[in-house]
Amino acid sequence: MKKQILLSLFALSLFACNQGKKPAEKITLMKYPETKKDSTKDNYFGTTIADPYRWLENDTSAETKAWVVAENKVTQNYLEQIPYRSDIKKRLTELWNYPKESAPFKVGEYYFFTKNDGLQNQSIWFIKKGLDGKEEVFLDPNKLTKDGTAAVSLLGFSHDKKYLAYSVAQAGSDWSNIYVIEIASKTKLADELKWTKFSGAAWKGDGFYYSKFDEPIKGTDLSAANKYQKVYFHKLGEEQQKDQLIFEDKTNPNLYFGASITEDERFLVVYASAGTSGNALFYQDLKEQGSKIEPLIKGYENNHSVIDNVGGKLLVNTDLGAENKQVLLVDPKNADPKNWQKVIPESKLALEGIGTGGGFLWASYLKDASTNIIQFDLTGKKIGEVKLPAIGTVDSFGGYKEDKEFFYTFSNFTTPGTIYRYDVDKAESVLYKKSGLKFNTDNYETKQVFYPSKDGTKVPMFIVHKKEIKLDGNNPVYLYAYGGFQVSLTPGFSLSRLLFLERGGIYVQPSLRGGSEYGEAWHKAGMLAKKQNVFDDFIATAEYLVKEKYTNPSKIAISGGSNGGLLVGACMTQRPDLFKVALPAVGVLDMLRYHKFTVGWGWAVEYGSSDKKEDFDYLIKYSPLHNLKNGVNYPATLITTADHDDRVVPAHSFKFAATLQEKYKGENPVLIRIETKAGHGAGKPTTKVIEEAADVWSFVFQNLGMNW
């Protein structure tokens, strides 16, 4: 359930035509479909809860499919009446249409990177021998399907840098197949591994470790609960049924398993997690003949990851005894915590991640939700701080031990993804490639302020807008947040968002509790029974903006996806008077049944489960589906989901839309937009991204009364 940021920007010179159109004074809203209700009820510890739209959970039934068609018809009819909808789509298409490129990374004698000429549905993987070598197409996802709905991810390179394992996911599903390609010849091998999900490829010799679930019953692959994930070893050239089962737990179906290998291929590390937070570690010393997989760190209460090994010992990044995380050296043969050696002590700043490269450790800290990178040697001695271009976000800093330089991407709210080349010996960054799009970002400013939440906790938020904006209480605001699963929202560039900014809107991004902007303590303050803190933080954001004359409730749109969709759903039901537009995207909206589908059981460590009375007692208080009431003036609502979302199944959105349409009798539209051949968000083709963005912004502009 992780965050999705669109890295793009726009050319101001294109902003000249089709100005002056106003929102439609009155849109004729078609009658909502007649959604049947049945008598389904559940008893939760003596409390009876009706679930009359449960039949919509069957996403493959003819009845549900007919309902989807009918709902989309109502939504499209509404959107077609917005006078500048086509203009918004045209503008977004113009904004997207410029060359984009990712930071290169070196593997052996080759450099890998992606390029997109502007409007290609999927970015293409390129390869070149040496930085000045000829660029050649390596993997083109656009050739896998006619509509560009196949997404490619690189999973892992063999130790000899000869082979690459990569995955292909279709139509936005989390399910993927793993394939292997020989790098030098760009020849795809015959290997095909099916029914993998959330898997990497950890190479050892002539094969690799990967994770898979059992094949689901036909027709339930997008909704049925995924159980008993296992780790296998695949040898090149073998059929999948011959793969060796390496690790499983027959006693517990609700565990994630993943595998990694240290850079020298000495240690296999197996991660075991009961959910999205907290994990146990297992290891195997592959150098010792006849060795077995043994426990390294037991229990699922804390978060641990192996960075690499130093000889026969393992460098571990952990929050055990350090809520902001620390780095320890652990001897697997003497793994008792009393024997752990402290390498990098806990800091006042949250340690977001740590990488290796050039023989050093590169620690990425968050300072008020912005990236700071510190260089250490393998003993924990601080070498220095990496000087970054400005306050913002850095992606992918590090490389192999032999590398003497890295490439990284830097961005913030007014800086598109810009690639820098970092020289390890000189300890300096040099601009490698700037975005090709011309736009004067000097016209915009970003500020960070701290505001009090309901309980007095100071919460930071970023505010982005045109310079010299008038604080007259009448500016349109787009308020976006997440608040959960240790996800930190840092400054990032969004093409789609800048469409709103160029029309005088204000973008606001608070760092709610539930994320890890301030370490594990910040996360824990917004999970389980304390989840209400997240909603309070978000509501307090809007109250602050109104108090400080940025806006007023009739000008505020709130948005969030996945766990952020839950955020929007909870806040629009708790404070419908505070917001004009609500945009819950692929949201977790039924808090009593979320754990019964696909991998939803893994979120119980974050939310709790209605199977337990103490959890049910607080879940029922904020579950968006169960807190919709008759006679309440809810915001104009556009729910977005997709038919191939097997992370947060669309039943959440279906049932929420049906219930809201049933109960709300006011004038604000209550619509649901259901995308086809798309999923939770990752890998969505450019055409679908633009179409959805055009519809969402048209809805926002219309209901906030914004002129085009």
# chains A, B, ... in the order shown; residues from 1 in each chain; ligands from 1

call {"tool": "closest_atom_pairs", "arguments": {"of": "range 463-577 of chain A", "to": "range 623-643 of chain A", "cutoff": "8 Å", "atoms": "only C-alpha atoms", "output": "CSV"}}
result
residue,atom,partner,partner_atom,distance
A:Leu566,CA,A:Pro624,CA,7.1
A:Gly569,CA,A:Pro624,CA,5.1
A:Ala570,CA,A:Pro624,CA,5.0
A:Met572,CA,A:Tyr634,CA,6.9
A:Thr573,CA,A:Leu628,CA,6.2
A:Pro576,CA,A:Tyr634,CA,5.2
A:Asp577,CA,A:Tyr634,CA,7.4

call {"tool": "write_last_selection", "arguments": {"atoms": "N, CA and C atoms", "output": "CSV table (one decimal), in the first residue's frame"}}
result
chain,number,residue,atom,x,y,z
A,566,LEU,N,-9.0,5.8,2.8
A,566,LEU,CA,-9.6,5.7,4.1
A,566,LEU,C,-9.6,7.0,4.8
A,569,GLY,N,-12.3,9.1,3.3
A,569,GLY,CA,-13.6,8.6,3.7
A,569,GLY,C,-13.9,8.9,5.1
A,570,ALA,N,-13.0,8.7,6.0
A,570,ALA,CA,-13.2,9.0,7.5
A,570,ALA,C,-13.5,10.4,7.7
A,572,MET,N,-14.5,12.9,5.6
A,572,MET,CA,-15.7,13.4,5.0
A,572,MET,C,-16.9,13.0,5.8
A,573,THR,N,-16.9,11.8,6.5
A,573,THR,CA,-18.0,11.4,7.3
A,573,THR,C,-18.0,12.1,8.7
A,576,PRO,N,-18.2,16.6,7.5
A,576,PRO,CA,-18.6,16.9,6.1
A,576,PRO,C,-18.8,18.4,5.9
A,577,ASP,N,-18.9,19.2,6.9
A,577,ASP,CA,-19.1,20.6,6.8
A,577,ASP,C,-17.8,21.4,6.5

call {"tool": "select_by_dssp", "arguments": {"residues": "range 286-506 of chain A", "states": "strand (DSSP E)", "output": "PyMOL selection string"}}
result
chain A and resi 294-297+304-310+313-318+326-330+341-344+350-357+360-367+370-376+382-385+393-395+405-412+415-423+428-433+444-452+458-466+477-480+506

call {"tool": "residues_around", "arguments": {"residues": "Asp59 in chain A", "least_positions_apart": "2", "cutoff": "8 Å", "atoms": "only C-alpha atoms", "output": "JSON, numbers by chain"}}
result
{"A": [56, 57, 61, 64, 65, 223, 643, 650, 651]}

call {"tool": "closest_residue", "arguments": {"among": "A:Lys401, A:Lys426, A:Lys684, A:Lys342", "to": "Asp308 in chain A", "atoms": "only C-alpha atoms"}}
result
A:Lys401

call {"tool": "residues_around", "arguments": {"residues": "Ala542 in chain A", "least_positions_apart": "3", "cutoff": "9 Å", "atoms": "only C-alpha atoms", "output": "number ranges by chain"}}
result
A: 479, 538-539, 545-547, 551-553, 556, 578-579

call {"tool": "residues_around", "arguments": {"residues": "Val449 in chain A", "least_positions_apart": "4", "cutoff": "12 Å", "atoms": "only C-alpha atoms", "output": "MDAnalysis selection string"}}
result
chainID A and resid 368:369 458:464 508:511 541 544:545 548

call {"tool": "closest_residue", "arguments": {"among": "A:Asp42, A:Asp51, A:Glu346, A:Asp214", "to": "Asn226 in chain A", "atoms": "only C-alpha atoms"}}
result
A:Asp214

call {"tool": "closest_residue", "arguments": {"among": "A:Glu662, A:Glu445, A:Glu192, A:Glu248", "to": "Pro52 in chain A", "atoms": "only C-alpha atoms"}}
result
A:Glu662

call {"tool": "residues_around", "arguments": {"residues": "range 361-366 of chain A", "least_positions_apart": "6", "cutoff": "8 Å", "atoms": "only C-alpha atoms", "output": "VMD selection string"}}
result
chain A and resid 349 to 355 372 to 378 397 to 398 517 to 518

call {"tool": "residues_around", "arguments": {"residues": "Phe112 in chain A", "least_positions_apart": "4", "cutoff": "8 Å", "atoms": "only C-alpha atoms", "output": "PDB file with C-alpha atoms, in the first residue's frame"}}
result
ATOM      1  CA  PRO A 104      21.287   5.559 -14.819  1.00  0.00           C
ATOM      2  CA  PHE A 105      22.788   2.808 -12.696  1.00  0.00           C
ATOM      3  CA  LYS A 106      25.799   0.692 -13.510  1.00  0.00           C
ATOM      4  CA  VAL A 107      25.790  -3.117 -13.689  1.00  0.00           C
ATOM      5  CA  TRP A 125      14.383   0.349 -20.482  1.00  0.00           C
ATOM      6  CA  PHE A 126      17.570   1.295 -22.300  1.00  0.00           C
ATOM      7  CA  ILE A 127      21.131   0.025 -21.988  1.00  0.00           C
ATOM      8  CA  LYS A 128      24.501   1.386 -23.051  1.00  0.00           C
TER       9      LYS A 128
END

call {"tool": "atom_distance", "arguments": {"atom1": "CA of Lys555 in chain A", "atom2": "CA of Thr446 in chain A"}}
result
20.0 Å

call {"tool": "closest_residue", "arguments": {"among": "A:Lys100, A:Lys348, A:Lys21, A:His652", "to": "Ser435 in chain A", "atoms": "only C-alpha atoms"}}
result
A:Lys100
